[in-house]
file entry-v1.txt (compact mmCIF, C-alpha atoms)
# COMPACT_ATOMS: atom_id res chain seq x y z
CA MET A 1 98.29 91.81 121.59
CA ARG A 2 98.26 93.37 118.13
CA ARG A 3 99.76 91.19 115.44
CA PHE A 4 102.37 92.59 113.07
CA TRP A 5 102.71 90.63 109.84
CA ARG A 6 105.46 91.18 107.30
CA PRO A 7 105.54 89.35 103.95
CA PRO A 8 108.87 88.41 102.35
CA LEU A 9 111.50 91.10 102.04
CA LEU A 10 111.23 92.11 98.40
CA LEU A 11 114.35 92.18 96.26
CA GLU A 12 112.41 91.48 93.08
CA ALA A 13 108.72 90.88 92.51
CA PRO A 14 108.44 87.13 91.76
CA ARG A 15 106.98 86.17 88.39
CA THR A 16 104.56 83.40 89.29
CA PRO A 17 102.73 81.73 86.36
CA GLY A 18 99.07 82.71 86.28
CA ARG A 19 99.59 85.82 88.39
CA ALA A 20 99.69 89.33 87.00
CA THR A 21 102.72 91.48 87.73
CA ALA A 22 103.08 95.24 87.58
CA SER A 23 105.70 95.01 84.84
CA THR A 24 103.82 92.78 82.36
CA ALA A 25 100.11 93.46 82.74
CA GLY A 26 99.53 96.67 80.76
CA LEU A 27 96.28 96.73 78.79
CA GLY A 28 96.67 100.03 76.95
CA ASN A 29 94.68 103.24 77.52
CA GLY A 30 96.51 103.59 80.84
CA GLN A 31 94.81 100.50 82.30
CA ARG A 32 96.79 97.86 84.14
CA VAL A 33 95.97 94.53 85.74
CA VAL A 34 97.49 94.50 89.23
CA ALA A 35 96.62 90.85 89.88
CA HIS A 36 93.91 88.23 89.47
CA VAL A 37 91.98 86.98 92.49
CA GLY A 38 89.49 84.18 93.02
CA GLN A 39 89.24 80.67 94.43
CA HIS A 40 88.92 78.84 91.11
CA PRO A 41 90.82 79.46 87.84
CA LYS A 42 87.65 80.06 85.83
CA GLU A 43 86.31 82.49 88.43
CA ARG A 44 89.43 84.63 88.88
CA LYS A 45 88.82 88.34 88.37
CA ALA A 46 91.26 91.00 87.25
CA VAL A 47 92.01 93.89 89.61
CA LEU A 48 92.06 96.89 87.26
CA VAL A 49 93.53 100.35 87.76
CA HIS A 50 94.38 103.38 85.67
CA GLU A 51 97.99 104.50 85.69
CA HIS A 52 98.74 108.15 84.94
CA HIS A 53 101.63 110.28 83.79
CA ALA A 54 101.93 113.72 85.35
CA LEU A 55 103.68 116.90 84.31
CA GLU A 56 104.91 117.44 87.87
CA PRO A 57 107.86 115.52 89.42
CA VAL A 58 106.80 112.16 90.86
CA GLY A 59 108.54 112.61 94.20
CA ILE A 60 108.86 115.35 96.76
CA ARG A 61 111.74 117.67 95.85
CA LYS A 62 114.83 117.89 98.06
CA ASP A 63 113.78 121.37 99.18
CA GLY A 64 110.49 119.90 100.46
CA SER A 65 108.36 121.51 97.77
CA GLY A 66 105.94 119.75 95.49
CA GLY A 67 103.61 116.87 96.20
CA ASP A 68 104.03 113.10 96.32
CA LEU A 69 102.78 111.62 93.04
CA THR A 70 104.34 108.17 93.46
CA GLY A 71 100.77 106.84 93.78
CA LEU A 72 99.99 107.45 90.11
CA ARG A 73 101.62 104.18 89.05
CA VAL A 74 101.64 100.53 90.12
CA TRP A 75 104.82 99.54 91.95
CA GLU A 76 106.43 96.12 92.13
CA ALA A 77 105.26 95.11 95.61
CA ALA A 78 101.53 95.42 94.86
CA PRO A 79 100.93 92.09 93.05
CA VAL A 80 103.13 90.31 95.60
CA LEU A 81 101.11 91.71 98.50
CA VAL A 82 97.85 90.77 96.78
CA GLN A 83 99.09 87.19 96.43
CA TYR A 84 100.08 87.15 100.11
CA LEU A 85 96.67 88.45 101.18
CA GLU A 86 94.93 85.84 99.06
CA THR A 87 96.98 83.07 100.66
CA HIS A 88 96.03 84.35 104.14
CA ALA A 89 92.59 85.72 103.25
CA ALA A 90 90.81 83.85 106.05
CA ASP A 91 93.00 85.54 108.68
CA LEU A 92 93.58 88.92 107.10
CA VAL A 93 90.73 89.82 104.73
CA GLU A 94 87.45 87.88 104.84
CA GLY A 95 84.82 89.71 106.87
CA ARG A 96 87.37 92.26 108.10
CA ARG A 97 87.69 96.04 107.87
CA VAL A 98 90.75 96.73 105.72
CA LEU A 99 92.60 100.05 105.50
CA ASP A 100 95.03 100.46 102.61
CA VAL A 101 97.59 103.06 103.75
CA GLY A 102 99.26 104.99 100.93
CA ALA A 103 96.93 103.21 98.52
CA GLY A 104 98.30 104.82 95.36
CA THR A 105 96.28 103.38 92.50
CA GLY A 106 94.32 101.29 95.03
CA GLY A 107 95.16 97.88 93.60
CA VAL A 108 95.82 96.14 96.93
CA GLY A 109 92.67 97.45 98.62
CA LEU A 110 90.53 96.71 95.56
CA ALA A 111 91.82 93.14 95.61
CA ALA A 112 90.88 92.87 99.30
CA ALA A 113 87.34 93.98 98.42
CA MET A 114 87.15 91.18 95.84
CA MET A 115 88.40 88.68 98.45
CA GLY A 116 85.45 89.29 100.75
CA ALA A 117 86.48 92.15 103.03
CA LYS A 118 83.62 93.61 105.04
CA ALA A 119 84.75 97.15 104.21
CA VAL A 120 87.80 98.66 102.53
CA VAL A 121 89.13 102.21 102.82
CA LEU A 122 91.71 103.39 100.29
CA SER A 123 93.67 106.19 101.95
CA GLU A 124 96.03 108.60 100.25
CA ALA A 125 97.29 112.16 100.46
CA ASP A 126 95.18 114.56 98.40
CA THR A 127 97.66 115.97 95.88
CA PRO A 128 96.73 117.81 92.65
CA ALA A 129 98.33 116.45 89.49
CA SER A 130 98.32 117.45 85.84
CA ALA A 131 97.47 113.97 84.62
CA ALA A 132 97.40 112.69 81.05
CA THR A 133 93.88 111.48 80.16
CA PRO A 134 92.16 110.39 76.91
CA HIS A 135 90.84 113.97 76.78
CA GLY A 136 94.26 115.60 77.16
CA TRP A 137 96.02 116.99 80.23
CA GLN A 138 93.64 117.57 83.13
CA THR A 139 94.24 118.73 86.69
CA ARG A 140 92.87 116.04 88.98
CA SER A 141 93.43 115.22 92.64
CA THR A 142 94.98 111.91 93.58
CA LEU A 143 91.83 111.05 95.55
CA ALA A 144 89.66 111.66 92.49
CA LEU A 145 91.89 109.38 90.41
CA LEU A 146 91.67 106.76 93.16
CA ALA A 147 87.87 106.99 93.14
CA ASP A 148 87.94 106.40 89.37
CA ASN A 149 89.74 103.11 89.99
CA VAL A 150 87.08 102.03 92.47
CA ALA A 151 84.39 102.63 89.84
CA LEU A 152 86.48 100.81 87.21
CA ASN A 153 86.13 97.53 89.15
CA GLY A 154 82.36 97.47 89.28
CA GLY A 155 79.47 97.91 91.67
CA ALA A 156 80.21 94.97 93.98
CA VAL A 157 83.65 96.40 94.77
CA ALA A 158 82.36 99.97 95.02
CA ALA A 159 79.67 98.87 97.49
CA VAL A 160 82.28 98.04 100.14
CA THR A 161 85.08 100.43 99.15
CA SER A 162 85.55 104.09 99.99
CA VAL A 163 88.30 106.67 99.51
CA ALA A 164 89.66 108.87 102.31
CA GLU A 165 92.35 111.51 102.74
CA LEU A 166 95.21 110.45 105.00
CA LYS A 167 98.38 112.48 105.27
CA TRP A 168 101.00 110.60 107.25
CA GLY A 169 101.62 112.16 110.63
CA CYS A 170 98.33 114.06 110.60
CA ARG A 171 96.49 113.00 113.77
CA GLU A 172 93.32 114.76 112.61
CA HIS A 173 93.13 112.60 109.48
CA ALA A 174 93.95 109.41 111.40
CA GLU A 175 91.42 110.04 114.16
CA ARG A 176 88.73 110.94 111.62
CA LEU A 177 89.33 107.63 109.86
CA PHE A 178 89.23 105.69 113.13
CA THR A 179 85.96 107.26 114.27
CA SER A 180 84.43 106.59 110.84
CA THR A 181 84.29 102.91 111.85
CA ARG A 182 81.63 103.52 114.51
CA PRO A 183 78.67 101.12 114.28
CA PRO A 184 75.57 102.55 112.56
CA ASP A 185 73.61 102.41 115.83
CA SER A 186 76.22 104.34 117.85
CA LYS A 187 74.39 107.67 117.30
CA GLY A 188 77.72 109.34 116.64
CA GLU A 189 79.13 108.40 120.02
CA GLY A 190 82.38 106.59 120.81
CA GLU A 191 85.71 106.62 119.03
CA GLY A 192 85.00 103.79 116.59
CA GLU A 193 85.75 100.11 116.27
CA GLY A 194 88.88 100.58 114.18
CA PHE A 195 90.37 98.47 111.42
CA ASP A 196 91.19 94.78 111.50
CA THR A 197 93.91 94.85 108.84
CA LEU A 198 96.20 97.61 107.58
CA THR A 199 97.98 97.04 104.26
CA LEU A 200 101.04 99.02 103.15
CA SER A 201 102.54 98.41 99.72
CA ASP A 202 105.79 100.07 98.61
CA VAL A 203 105.36 102.98 101.02
CA LEU A 204 109.07 103.03 101.96
CA TYR A 205 110.13 104.82 98.78
CA TYR A 206 111.67 107.76 100.62
CA THR A 207 114.72 107.67 102.90
CA GLU A 208 113.97 110.70 105.09
CA PRO A 209 113.61 109.74 108.80
CA GLU A 210 110.80 112.25 109.34
CA ILE A 211 108.68 110.51 106.68
CA HIS A 212 109.23 107.12 108.31
CA GLU A 213 108.37 108.59 111.71
CA ALA A 214 105.16 110.15 110.39
CA LEU A 215 104.10 106.88 108.75
CA ALA A 216 104.89 104.85 111.88
CA ASP A 217 102.88 107.23 114.05
CA THR A 218 99.91 107.02 111.68
CA VAL A 219 100.01 103.21 111.57
CA ARG A 220 100.13 102.90 115.35
CA THR A 221 97.15 105.25 115.69
CA LEU A 222 95.06 103.30 113.19
CA ALA A 223 96.13 99.80 114.28
CA LYS A 224 95.06 100.16 117.91
CA ARG A 225 92.11 97.78 117.59
CA GLU A 226 92.72 94.61 119.59
CA GLY A 227 93.91 91.87 117.25
CA ALA A 228 94.68 94.25 114.36
CA SER A 229 97.22 93.10 111.77
CA VAL A 230 99.66 95.28 109.82
CA VAL A 231 100.90 93.84 106.53
CA VAL A 232 103.81 95.54 104.76
CA ALA A 233 105.33 94.66 101.38
CA TYR A 234 108.15 96.58 99.77
CA LYS A 235 111.00 96.43 97.30
CA VAL A 236 114.44 97.24 98.66
CA ARG A 237 115.56 100.42 96.92
CA HIS A 238 117.91 102.28 99.22
CA GLY A 239 118.75 99.98 102.14
CA HIS A 240 117.10 102.11 104.83
CA GLU A 241 113.69 100.42 104.77
CA HIS A 242 114.42 98.50 107.98
CA THR A 243 114.52 101.75 109.97
CA PHE A 244 110.77 102.12 109.50
CA PHE A 245 110.14 98.80 111.24
CA ARG A 246 112.29 99.85 114.18
CA ARG A 247 110.26 103.03 114.53
CA LEU A 248 106.98 101.16 114.15
CA THR A 249 107.71 98.54 116.79
CA ALA A 250 109.31 101.01 119.21
CA GLY A 251 107.20 102.64 121.90
CA ARG A 252 107.66 106.02 120.21
CA ALA A 253 108.45 107.00 116.62
CA GLY A 254 112.20 107.40 116.25
CA GLU A 255 113.08 105.26 119.28
CA ASP A 256 115.36 102.40 118.27
CA ASP A 257 114.94 98.85 119.53
CA ASP A 258 115.97 95.40 118.36
CA GLY A 259 112.86 94.95 116.23
CA GLY A 260 111.25 92.53 118.63
CA GLY A 261 108.15 94.63 118.95
CA GLY A 262 107.76 94.71 122.71
CA GLY A 263 107.50 98.48 123.02
CA GLY A 264 104.75 99.06 120.48
CA GLY A 265 102.58 96.03 121.20
CA PHE A 266 103.22 94.44 117.80
CA GLU A 267 104.26 90.87 117.24
CA ARG A 268 106.45 90.44 114.18
CA VAL A 269 105.82 87.37 112.06
CA VAL A 270 108.42 86.94 109.30
CA ARG A 271 107.47 84.37 106.68
CA SER A 272 110.79 84.27 104.85
CA SER A 273 113.82 86.44 104.29
CA THR A 274 113.88 87.07 100.54
CA ALA A 275 111.65 86.72 97.52
CA PRO A 276 112.82 84.33 94.77
call {"tool": "encode", "arguments": {"input": "entry-v1.txt", "output": "structure tokens"}}
result
Amino acid sequence: MRRFWRPPLLLEAPRTPGRATASTAGLGNGQRVVAHVGQHPKERKAVLVHEHHALEPVGIRKDGSGGDLTGLRVWEAAPVLVQYLETHAADLVEGRRVLDVGAGTGGVGLAAAMMGAKAVVLSEADTPASAATPHGWQTRSTLALLADNVALNGGAVAAVTSVAELKWGCREHAERLFTSTRPPDSKGEGEGEGFDTLTLSDVLYYTEPEIHEALADTVRTLAKREGASVVVAYKVRHGHEHTFFRRLTAGRAGEDDDGGGGGGGFERVVRSSTAP
């Protein structure tokens, strides 16, 4: 049985003393502290990322043109999800392969690397952006900007963290990621061991059913390892976020059920209904 975890339904990111939040942790020069992680107060480390402004529209246009640049900034759910992962690190992070789906700036996955994950993959669509940098406007890909954030957090994080292209609904990308988890001694044979934990932070920004279906299909493909956990955190923005969970737990994307998870092999564990 695969386990499906869902942190609190996010109405507002809680402001917990001693924890960084996306709205208050700007450092200047485009750097932002997503959260602090560590067992002891004196040993807590900051998870750092660069945020960027782009000339292009942030979201996909209504006519379907343009790219998704929502990943250039830190959204409200990220520090909340980091806190949740830290609370449940023994079950969800330590010694596990973690895939951050729709990683954006990479803050959640980078935090998992600091918490003792065996390996972390930050996945994102590869979209070009005219990003503001200290050297002026430069055309960079979202994956290149994500790789910059890995380097920003130091060698220990970079040693266990990689960046990979993952377009939702693209089976080729998903299968390539899954097979990348083959053991070193497999001689290139077998489909791979898969990921132990998938994290999704504020990936329900859009309301279009086809986007939710594509994301659900990708998650099911990548969470097929026995005992895999899927952890989703989000802020309610449009009221349609729940439809993604119905698609995810149904046997097929787009097939409605009562959310119980029987069809898709996921067990839903709800910790609480709303954030304070």
call {"tool": "residues_around", "arguments": {"input": "entry-v1.txt", "residues": "region 149-166 of chain A", "least_positions_apart": "4", "cutoff": "8 Å", "atoms": "all atoms listed in the file", "output": "ChimeraX atom specification"}}
result
/A:47-50,101-102,105-106,110,113-114,117-126,143,145,170,173-174,177
call {"tool": "closest_residue", "arguments": {"input": "entry-v1.txt", "among": "A:Ala112, A:Ala228, A:Leu72, A:Leu146", "to": "His88 (chain A)", "atoms": "only C-alpha atoms"}}
result
A:Ala112
call {"tool": "residues_around", "arguments": {"input": "entry-v1.txt", "residues": "region 195-205 of chain A", "least_positions_apart": "6", "cutoff": "9 Å", "atoms": "only C-alpha atoms", "output": "PDB file with C-alpha atoms, in the coordinates of the input"}}
result
ATOM      1  CA  THR A  70     104.340 108.170  93.460  1.00  0.00           C
ATOM      2  CA  TRP A  75     104.820  99.540  91.950  1.00  0.00           C
ATOM      3  CA  GLU A  76     106.430  96.120  92.130  1.00  0.00           C
ATOM      4  CA  ALA A  77     105.260  95.110  95.610  1.00  0.00           C
ATOM      5  CA  ALA A  78     101.530  95.420  94.860  1.00  0.00           C
ATOM      6  CA  LEU A  81     101.110  91.710  98.500  1.00  0.00           C
ATOM      7  CA  LEU A  92      93.580  88.920 107.100  1.00  0.00           C
ATOM      8  CA  VAL A  93      90.730  89.820 104.730  1.00  0.00           C
ATOM      9  CA  ARG A  96      87.370  92.260 108.100  1.00  0.00           C
ATOM     10  CA  ARG A  97      87.690  96.040 107.870  1.00  0.00           C
ATOM     11  CA  VAL A  98      90.750  96.730 105.720  1.00  0.00           C
ATOM     12  CA  LEU A  99      92.600 100.050 105.500  1.00  0.00           C
ATOM     13  CA  ASP A 100      95.030 100.460 102.610  1.00  0.00           C
ATOM     14  CA  VAL A 101      97.590 103.060 103.750  1.00  0.00           C
ATOM     15  CA  GLY A 102      99.260 104.990 100.930  1.00  0.00           C
ATOM     16  CA  ALA A 103      96.930 103.210  98.520  1.00  0.00           C
ATOM     17  CA  GLY A 104      98.300 104.820  95.360  1.00  0.00           C
ATOM     18  CA  VAL A 108      95.820  96.140  96.930  1.00  0.00           C
ATOM     19  CA  GLY A 109      92.670  97.450  98.620  1.00  0.00           C
ATOM     20  CA  PHE A 178      89.230 105.690 113.130  1.00  0.00           C
ATOM     21  CA  THR A 181      84.290 102.910 111.850  1.00  0.00           C
ATOM     22  CA  ILE A 211     108.680 110.510 106.680  1.00  0.00           C
ATOM     23  CA  HIS A 212     109.230 107.120 108.310  1.00  0.00           C
ATOM     24  CA  LEU A 215     104.100 106.880 108.750  1.00  0.00           C
ATOM     25  CA  VAL A 219     100.010 103.210 111.570  1.00  0.00           C
ATOM     26  CA  LEU A 222      95.060 103.300 113.190  1.00  0.00           C
ATOM     27  CA  ALA A 223      96.130  99.800 114.280  1.00  0.00           C
ATOM     28  CA  LYS A 224      95.060 100.160 117.910  1.00  0.00           C
ATOM     29  CA  ARG A 225      92.110  97.780 117.590  1.00  0.00           C
ATOM     30  CA  GLU A 226      92.720  94.610 119.590  1.00  0.00           C
ATOM     31  CA  GLY A 227      93.910  91.870 117.250  1.00  0.00           C
ATOM     32  CA  ALA A 228      94.680  94.250 114.360  1.00  0.00           C
ATOM     33  CA  SER A 229      97.220  93.100 111.770  1.00  0.00           C
ATOM     34  CA  VAL A 230      99.660  95.280 109.820  1.00  0.00           C
ATOM     35  CA  VAL A 231     100.900  93.840 106.530  1.00  0.00           C
ATOM     36  CA  VAL A 232     103.810  95.540 104.760  1.00  0.00           C
ATOM     37  CA  ALA A 233     105.330  94.660 101.380  1.00  0.00           C
ATOM     38  CA  TYR A 234     108.150  96.580  99.770  1.00  0.00           C
ATOM     39  CA  LYS A 235     111.000  96.430  97.300  1.00  0.00           C
ATOM     40  CA  VAL A 236     114.440  97.240  98.660  1.00  0.00           C
ATOM     41  CA  ARG A 237     115.560 100.420  96.920  1.00  0.00           C
ATOM     42  CA  HIS A 238     117.910 102.280  99.220  1.00  0.00           C
ATOM     43  CA  HIS A 240     117.100 102.110 104.830  1.00  0.00           C
ATOM     44  CA  GLU A 241     113.690 100.420 104.770  1.00  0.00           C
ATOM     45  CA  PHE A 244     110.770 102.120 109.500  1.00  0.00           C
TER      46      PHE A 244
END
call {"tool": "atom_distance", "arguments": {"input": "entry-v1.txt", "atom1": "CA of Gly169 (chain A)", "atom2": "CA of Asp217 (chain A)"}}
result
6.1 Å
call {"tool": "closest_residue", "arguments": {"input": "entry-v1.txt", "among": "A:Glu210, A:Thr221, A:Val74, A:Ala216", "to": "Leu248 (chain A)", "atoms": "all atoms listed in the file"}}
result
A:Ala216
call {"tool": "closest_residue", "arguments": {"input": "entry-v1.txt", "among": "A:Tyr206, A:Leu85, A:Arg73, A:Trp168", "to": "Ala131 (chain A)", "atoms": "all atoms listed in the file"}}
result
A:Arg73
call {"tool": "atom_distance", "arguments": {"input": "entry-v1.txt", "atom1": "CA of Glu51 (chain A)", "atom2": "CA of Ala129 (chain A)"}}
result
12.5 Å
call {"tool": "residues_around", "arguments": {"input": "entry-v1.txt", "residues": "Gly136 (chain A)", "least_positions_apart": "2", "cutoff": "12 Å", "atoms": "only C-alpha atoms", "output": "list in words"}}
result
His52, His53, Ala54, Leu55, Ser130, Ala131, Ala132, Thr133, Pro134, Gln138, Thr139 and Arg140 of chain A
call {"tool": "residues_near_point", "arguments": {"input": "entry-v1.txt", "point": "(84.8, 87.6, 92.9)", "cutoff": "10 Å", "atoms": "only C-alpha atoms", "output": "PyMOL selection string"}}
result
chain A and resi 36-40+43-46+111+113-116+156-157
